[in-house]
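S.K.: My structure is below; once you've seen it, I'll send some questions.
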Amino acid sequence: MSRAAAKSLRIAVFASGSGSNFQALVEAAQAGKLGGSIELLVCDRPKAKVVERAAAAGVDAFVFRPKEYASREAYEAEIVRHLREREIDLIVMAGYMRIITPTLVEPFYGRIVNIHPSLLPAFPGLNAIGQALEHGVKLTGITVHFVDGGMDTGPIIAQRPVEIADGDSVDTLADKVHPIEHELYPEVVAAICEGRVTLDGRHVRVAGKE
Ligand code: GAR
């Protein structure tokens with residue numbers, strides 16, 4: 001997509017929990033800093049705080065209970081219908097704690113990003129902050145990457161380091177990680193919306209602003 005031709009992208013955010021990253025993205029969009037509009041929240045937990053955040057921000061939500069479907073593929077097919085109905089261009093995973101399948105990945109490959117609280121490929125999967133502490137690393141961080149078929153294995157777009165201090169707990173480390181996520185994720189989404197991100201196999205180039 002050339003920069004001149006870049007249109008405002010229609011974004012769906014997927015989240016399962018508190019939604020502090022969802023909130024940061026909404027605020028960036030409201031401030032005109034995202035280059036896209038957040039059209040939909042997809043959430044697999046009806047009681048998650050992110051559902052309240054979406055209502056407060058006036059963002060439509062598709063909230064579902066995975067147990068009510070015969071398979072992952074069945075609820076993902078329904079998600080894809082919602083995405084197509086709203087002509088979604090970009091999926092932004094922000095703490096969506098479910099494995100996803102080709103039903104969702106294939107039609108959107110190259111248009112799905114995720115944020116993960118470690119310097120991938122270290123500590124993929126659940127409880128990345130706890131895994132880093134347990135391992136005793138001195139440096140961890142945040143990764144934003146394109147989503148492929150694997151668990152946190154897709155091409156890396158951006159990373160930021162976070163130092164681990166003696167005595168850090170999961171909570172104190174999470175308190176260092178989250179504010180950086182809230183800064184980095186809207187920046188990366190804006191770069192995508194502005195057509196500055198190019199995916200070439202495993203390699204991603206992010207051009208600077210003009
Ligand atoms: C974020 O720290 C995000 O990096 C992490 O979940 C948290 C969601 O917080 N994602 C993963 O661990 C994905 N494997 P939030 O609901 O407050 O945005």
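Chain lettering (A, B, ...) mirrors the order of the structure tokens, residue numbering begins at 1 for each chain separately, and ligand numbering begins at 1 in order of display.
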Within 9 Å of ligand 1 (counting only C-alpha atoms and all ligand atoms), which residues show up? I'd like them as a ChimeraX atom specification.
M.R.: /A:15-24,48-50,93-98,114-118,124-129,142-144,151-152,174,177-178,181-182
S.K.: Keeping only N, CA and C atoms, write the selected residues as a CSV table (one decimal), in the first residue's frame.
M.R.:
chain,number,residue,atom,x,y,z
A,15,ALA,N,-9.6,-9.2,22.9
A,15,ALA,CA,-9.0,-9.2,24.2
A,15,ALA,C,-9.9,-10.1,25.1
A,16,SER,N,-9.2,-10.6,26.2
A,16,SER,CA,-9.9,-11.5,27.1
A,16,SER,C,-10.0,-11.0,28.6
A,17,GLY,N,-9.2,-9.9,28.9
A,17,GLY,CA,-9.1,-9.5,30.3
A,17,GLY,C,-9.4,-8.1,30.6
A,18,SER,N,-8.5,-7.5,31.3
A,18,SER,CA,-8.7,-6.1,31.7
A,18,SER,C,-8.9,-5.1,30.6
A,19,GLY,N,-8.1,-5.3,29.6
A,19,GLY,CA,-8.2,-4.4,28.4
A,19,GLY,C,-7.5,-3.1,28.5
A,20,SER,N,-6.4,-3.0,29.3
A,20,SER,CA,-5.7,-1.8,29.4
A,20,SER,C,-5.0,-1.4,28.1
A,21,ASN,N,-4.6,-2.4,27.3
A,21,ASN,CA,-4.1,-2.1,25.9
A,21,ASN,C,-5.2,-1.7,25.0
A,22,PHE,N,-6.4,-2.3,25.1
A,22,PHE,CA,-7.5,-1.9,24.4
A,22,PHE,C,-7.8,-0.4,24.6
A,23,GLN,N,-7.7,0.0,25.9
A,23,GLN,CA,-8.0,1.4,26.3
A,23,GLN,C,-7.0,2.3,25.7
A,24,ALA,N,-5.7,1.9,25.7
A,24,ALA,CA,-4.6,2.8,25.1
A,24,ALA,C,-4.9,2.9,23.6
A,48,ALA,N,-15.3,-10.0,31.4
A,48,ALA,CA,-14.0,-9.3,31.4
A,48,ALA,C,-14.3,-7.8,31.4
A,49,LYS,N,-13.3,-7.1,32.1
A,49,LYS,CA,-13.4,-5.6,32.2
A,49,LYS,C,-13.4,-5.0,30.9
A,50,VAL,N,-12.7,-5.6,29.9
A,50,VAL,CA,-12.6,-5.0,28.6
A,50,VAL,C,-14.0,-4.8,27.9
A,93,MET,N,-4.5,-8.1,18.4
A,93,MET,CA,-4.7,-9.0,19.6
A,93,MET,C,-4.1,-8.3,20.8
A,94,ALA,N,-4.9,-8.1,21.9
A,94,ALA,CA,-4.4,-7.4,23.0
A,94,ALA,C,-4.8,-8.1,24.3
A,95,GLY,N,-4.0,-9.2,24.6
A,95,GLY,CA,-4.4,-10.0,25.7
A,95,GLY,C,-5.5,-11.0,25.4
A,96,TYR,N,-5.6,-11.5,24.2
A,96,TYR,CA,-6.6,-12.5,23.8
A,96,TYR,C,-6.0,-13.8,24.1
A,97,MET,N,-6.5,-14.5,25.1
A,97,MET,CA,-5.8,-15.7,25.6
A,97,MET,C,-6.3,-17.0,25.1
A,98,ARG,N,-6.5,-17.0,23.7
A,98,ARG,CA,-6.9,-18.3,23.1
A,98,ARG,C,-6.0,-18.6,22.0
A,114,ASN,N,-0.1,-9.1,17.4
A,114,ASN,CA,-0.3,-9.5,18.8
A,114,ASN,C,0.8,-8.8,19.6
A,115,ILE,N,0.5,-8.5,20.8
A,115,ILE,CA,1.5,-8.0,21.8
A,115,ILE,C,1.8,-9.1,22.8
A,116,HIS,N,3.0,-9.3,23.1
A,116,HIS,CA,3.4,-10.3,24.1
A,116,HIS,C,4.4,-9.8,25.1
A,117,PRO,N,4.2,-10.1,26.4
A,117,PRO,CA,5.1,-9.4,27.4
A,117,PRO,C,6.4,-10.2,27.6
A,118,SER,N,7.2,-10.4,26.6
A,118,SER,CA,8.5,-10.9,26.7
A,118,SER,C,9.3,-10.6,25.4
A,124,PRO,N,7.5,-17.7,25.3
A,124,PRO,CA,6.2,-17.7,24.6
A,124,PRO,C,5.1,-18.3,25.5
A,125,GLY,N,3.9,-18.1,25.1
A,125,GLY,CA,2.7,-18.8,25.8
A,125,GLY,C,2.3,-18.0,27.1
A,126,LEU,N,1.7,-18.7,28.0
A,126,LEU,CA,1.1,-18.1,29.1
A,126,LEU,C,2.1,-17.6,30.2
A,127,ASN,N,1.7,-16.6,30.9
A,127,ASN,CA,2.5,-16.2,32.1
A,127,ASN,C,4.0,-15.8,31.7
A,128,ALA,N,4.1,-15.1,30.6
A,128,ALA,CA,5.5,-14.8,30.2
A,128,ALA,C,6.3,-14.0,31.2
A,129,ILE,N,5.6,-13.1,32.0
A,129,ILE,CA,6.3,-12.3,33.0
A,129,ILE,C,6.8,-13.2,34.1
A,142,ILE,N,9.0,-6.5,25.7
A,142,ILE,CA,7.7,-6.6,25.0
A,142,ILE,C,8.0,-6.8,23.6
A,143,THR,N,7.2,-7.6,22.9
A,143,THR,CA,7.3,-7.9,21.5
A,143,THR,C,5.9,-7.6,20.9
A,144,VAL,N,5.9,-6.9,19.7
A,144,VAL,CA,4.7,-6.9,18.9
A,144,VAL,C,5.1,-7.6,17.6
A,151,MET,N,2.5,-20.6,18.3
A,151,MET,CA,2.3,-19.9,19.6
A,151,MET,C,3.4,-18.8,19.7
A,152,ASP,N,3.0,-17.6,19.4
A,152,ASP,CA,3.9,-16.4,19.6
A,152,ASP,C,5.2,-16.6,18.7
A,174,ALA,N,5.1,-6.5,36.1
A,174,ALA,CA,4.0,-6.2,35.2
A,174,ALA,C,3.8,-4.6,35.2
A,177,VAL,N,6.1,-3.3,32.7
A,177,VAL,CA,5.8,-3.7,31.4
A,177,VAL,C,4.6,-2.9,30.8
A,178,HIS,N,3.5,-2.8,31.6
A,178,HIS,CA,2.3,-2.3,31.0
A,178,HIS,C,2.4,-0.9,30.4
A,181,GLU,N,3.9,-1.1,27.1
A,181,GLU,CA,3.0,-1.7,26.1
A,181,GLU,C,2.0,-0.6,25.6
A,182,HIS,N,1.5,0.2,26.5
A,182,HIS,CA,0.5,1.2,26.2
A,182,HIS,C,1.1,2.3,25.2
S.K.: If we count only C-alpha atoms, what is near Lys7 (chain A) at a cut-off of 12 Å, once residues fewer than 5 positions away on the same chain are taken out, given as a list in words?
M.R.: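 The residues that qualify are Met1, Ser2, Leu34, Gly35, Gly36, Ser37, Asp89, Ala190, Ile192, Cys193, Glu194 and Gly195 of chain A.
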S.K.: Just the residues within 12 Å of region 72-84 of chain A, please, counting only C-alpha atoms, with nothing from its chain fewer than 3 positions along; format it as a ChimeraX atom specification.
M.R.: /A:10-14,38-44,60-69,87-91,98-108
S.K.: Could you pull out the residues in region 10-194 of chain A that DSSP calls alpha helix (DSSP H) from the backbone, as a PyMOL selection string?
M.R.: chain A and resi 20-30+49-57+72-85+102-108+128-135+170-193
S.K.: Create the file for the chosen residues now, containing C-alpha atoms and written as a PDB file, in the first residue's frame.
M.R.:
ATOM      1  CA  SER A  20      -5.682  -1.760  29.420  1.00  0.00           C
ATOM      2  CA  ASN A  21      -4.104  -2.114  25.949  1.00  0.00           C
ATOM      3  CA  PHE A  22      -7.549  -1.858  24.353  1.00  0.00           C
ATOM      4  CA  GLN A  23      -7.993   1.386  26.306  1.00  0.00           C
ATOM      5  CA  ALA A  24      -4.646   2.752  25.125  1.00  0.00           C
ATOM      6  CA  LEU A  25      -5.596   1.982  21.518  1.00  0.00           C
ATOM      7  CA  VAL A  26      -9.027   3.602  21.912  1.00  0.00           C
ATOM      8  CA  GLU A  27      -7.450   6.724  23.397  1.00  0.00           C
ATOM      9  CA  ALA A  28      -4.915   6.924  20.571  1.00  0.00           C
ATOM     10  CA  ALA A  29      -7.760   6.596  18.034  1.00  0.00           C
ATOM     11  CA  GLN A  30      -9.776   9.296  19.822  1.00  0.00           C
ATOM     12  CA  LYS A  49     -13.419  -5.645  32.229  1.00  0.00           C
ATOM     13  CA  VAL A  50     -12.605  -4.958  28.574  1.00  0.00           C
ATOM     14  CA  VAL A  51     -16.309  -5.462  27.750  1.00  0.00           C
ATOM     15  CA  GLU A  52     -17.185  -2.546  30.058  1.00  0.00           C
ATOM     16  CA  ARG A  53     -14.417  -0.470  28.524  1.00  0.00           C
ATOM     17  CA  ALA A  54     -15.809  -1.082  25.036  1.00  0.00           C
ATOM     18  CA  ALA A  55     -19.320  -0.066  26.126  1.00  0.00           C
ATOM     19  CA  ALA A  56     -17.955   3.104  27.727  1.00  0.00           C
ATOM     20  CA  ALA A  57     -16.031   3.942  24.548  1.00  0.00           C
ATOM     21  CA  ARG A  72     -12.594 -23.593  18.004  1.00  0.00           C
ATOM     22  CA  GLU A  73     -13.215 -23.575  14.273  1.00  0.00           C
ATOM     23  CA  ALA A  74     -16.949 -23.081  14.880  1.00  0.00           C
ATOM     24  CA  TYR A  75     -16.589 -19.924  16.969  1.00  0.00           C
ATOM     25  CA  GLU A  76     -13.796 -18.622  14.771  1.00  0.00           C
ATOM     26  CA  ALA A  77     -16.035 -19.005  11.704  1.00  0.00           C
ATOM     27  CA  GLU A  78     -18.557 -16.823  13.492  1.00  0.00           C
ATOM     28  CA  ILE A  79     -15.838 -14.302  14.398  1.00  0.00           C
ATOM     29  CA  VAL A  80     -14.785 -14.177  10.730  1.00  0.00           C
ATOM     30  CA  ARG A  81     -18.401 -13.445   9.757  1.00  0.00           C
ATOM     31  CA  HIS A  82     -18.453 -10.487  12.168  1.00  0.00           C
ATOM     32  CA  LEU A  83     -15.114  -9.240  10.826  1.00  0.00           C
ATOM     33  CA  ARG A  84     -16.306  -9.432   7.230  1.00  0.00           C
ATOM     34  CA  GLU A  85     -19.632  -7.789   8.051  1.00  0.00           C
ATOM     35  CA  PRO A 102      -6.251 -21.429  10.344  1.00  0.00           C
ATOM     36  CA  THR A 103      -9.986 -20.566  10.191  1.00  0.00           C
ATOM     37  CA  LEU A 104      -9.019 -17.120  11.480  1.00  0.00           C
ATOM     38  CA  VAL A 105      -5.341 -16.863  10.514  1.00  0.00           C
ATOM     39  CA  GLU A 106      -5.561 -17.802   6.841  1.00  0.00           C
ATOM     40  CA  PRO A 107      -8.041 -15.158   5.681  1.00  0.00           C
ATOM     41  CA  PHE A 108      -6.217 -12.471   7.675  1.00  0.00           C
ATOM     42  CA  ALA A 128       5.483 -14.753  30.162  1.00  0.00           C
ATOM     43  CA  ILE A 129       6.333 -12.313  32.968  1.00  0.00           C
ATOM     44  CA  GLY A 130       6.397 -15.141  35.530  1.00  0.00           C
ATOM     45  CA  GLN A 131       8.451 -17.317  33.173  1.00  0.00           C
ATOM     46  CA  ALA A 132      11.095 -14.567  32.841  1.00  0.00           C
ATOM     47  CA  LEU A 133      11.311 -14.156  36.630  1.00  0.00           C
ATOM     48  CA  GLU A 134      11.474 -17.889  37.177  1.00  0.00           C
ATOM     49  CA  HIS A 135      14.299 -18.202  34.643  1.00  0.00           C
ATOM     50  CA  VAL A 170       5.198 -10.657  38.854  1.00  0.00           C
ATOM     51  CA  ASP A 171       3.217  -7.603  39.985  1.00  0.00           C
ATOM     52  CA  THR A 172       6.124  -5.132  40.130  1.00  0.00           C
ATOM     53  CA  LEU A 173       7.447  -6.352  36.786  1.00  0.00           C
ATOM     54  CA  ALA A 174       3.980  -6.156  35.217  1.00  0.00           C
ATOM     55  CA  ASP A 175       3.805  -2.555  36.471  1.00  0.00           C
ATOM     56  CA  LYS A 176       6.953  -1.805  34.451  1.00  0.00           C
ATOM     57  CA  VAL A 177       5.797  -3.709  31.358  1.00  0.00           C
ATOM     58  CA  HIS A 178       2.288  -2.308  30.984  1.00  0.00           C
ATOM     59  CA  PRO A 179       3.042   1.416  30.521  1.00  0.00           C
ATOM     60  CA  ILE A 180       5.571   0.538  27.807  1.00  0.00           C
ATOM     61  CA  GLU A 181       3.009  -1.683  26.087  1.00  0.00           C
ATOM     62  CA  HIS A 182       0.511   1.176  26.166  1.00  0.00           C
ATOM     63  CA  GLU A 183       3.030   3.419  24.421  1.00  0.00           C
ATOM     64  CA  LEU A 184       4.434   0.901  21.950  1.00  0.00           C
ATOM     65  CA  TYR A 185       1.253  -0.796  20.701  1.00  0.00           C
ATOM     66  CA  PRO A 186      -0.537   2.344  19.442  1.00  0.00           C
ATOM     67  CA  GLU A 187       2.736   3.428  17.771  1.00  0.00           C
ATOM     68  CA  VAL A 188       3.042   0.107  15.915  1.00  0.00           C
ATOM     69  CA  VAL A 189      -0.637   0.055  14.933  1.00  0.00           C
ATOM     70  CA  ALA A 190      -0.286   3.627  13.650  1.00  0.00           C
ATOM     71  CA  ALA A 191       2.771   2.599  11.599  1.00  0.00           C
ATOM     72  CA  ILE A 192       0.701  -0.215  10.032  1.00  0.00           C
ATOM     73  CA  CYS A 193      -2.224   2.117   9.370  1.00  0.00           C
TER      74      CYS A 193
END
S.K.: Calculated over only C-alpha atoms, which of the candidates A:Lys47, A:Arg111, A:Lys33, A:Arg86 has the smallest distance to His145 (chain A)?
M.R.: A:Arg111
S.K.: For Leu139 (chain A), work out the shell of residues within 6 Å, counting only C-alpha atoms and skipping chain neighbours fewer than 6 positions away, then give it as a list of chain:residue names.
M.R.: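 Those residues are A:Val162, A:Glu163, A:Ile164.
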S.K.: Could you write out that same residue set with all heavy atoms as a tab-separated table (two decimals), in the first residue's frame?
M.R.:
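Written output follows (part-v5.tsv):
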chain	number	residue	atom	x	y	z
A	162	VAL	N	12.86	-4.37	29.03
A	162	VAL	CA	12.52	-3.94	30.39
A	162	VAL	C	13.50	-4.65	31.33
A	162	VAL	O	13.63	-5.88	31.27
A	162	VAL	CB	11.07	-4.35	30.75
A	162	VAL	CG1	10.77	-4.03	32.22
A	162	VAL	CG2	10.06	-3.66	29.84
A	163	GLU	N	14.18	-3.87	32.18
A	163	GLU	CA	15.13	-4.49	33.09
A	163	GLU	C	14.42	-5.11	34.29
A	163	GLU	O	13.45	-4.54	34.79
A	163	GLU	CB	16.13	-3.43	33.58
A	163	GLU	CG	17.23	-3.20	32.56
A	163	GLU	CD	18.31	-2.26	33.08
A	163	GLU	OE1	18.54	-2.23	34.31
A	163	GLU	OE2	18.91	-1.57	32.24
A	164	ILE	N	14.95	-6.24	34.74
A	164	ILE	CA	14.41	-6.88	35.94
A	164	ILE	C	15.35	-6.56	37.10
A	164	ILE	O	16.56	-6.78	37.00
A	164	ILE	CB	14.30	-8.41	35.74
A	164	ILE	CG1	13.34	-8.71	34.58
A	164	ILE	CG2	13.82	-9.08	37.03
A	164	ILE	CD1	13.15	-10.19	34.28
S.K.: So which residues touch Leu199 (chain A) within 8 Å, counting only C-alpha atoms, skipping near sequence neighbours fewer than 5 positions away, as a list in words?
M.R.: Gly110, Pro155, Val204 and Arg205 of chain A
S.K.: For the residues in the current selection, export C-alpha atoms as a compact mmCIF listing (two decimals), in the first residue's frame.
M.R.:
# COMPACT_ATOMS: atom_id res chain seq x y z
CA GLY A 110 -0.35 -10.38 7.44
CA PRO A 155 7.47 -12.22 12.33
CA VAL A 204 9.54 -6.86 8.96
CA ARG A 205 10.66 -3.36 8.05
S.K.: For CA of Phe146 (chain A) and CA of Leu119 (chain A), determine how far apart the two atoms are, in Å to one decimal place.
M.R.: 14.2 Å
S.K.: Once DSSP has gone over the backbone, tell me which residues of region 9-184 of chain A are in strand (DSSP E), as number ranges by chain.
M.R.: A: 9-15, 36-43, 60-63, 90-93, 112-116, 139-146, 156-163
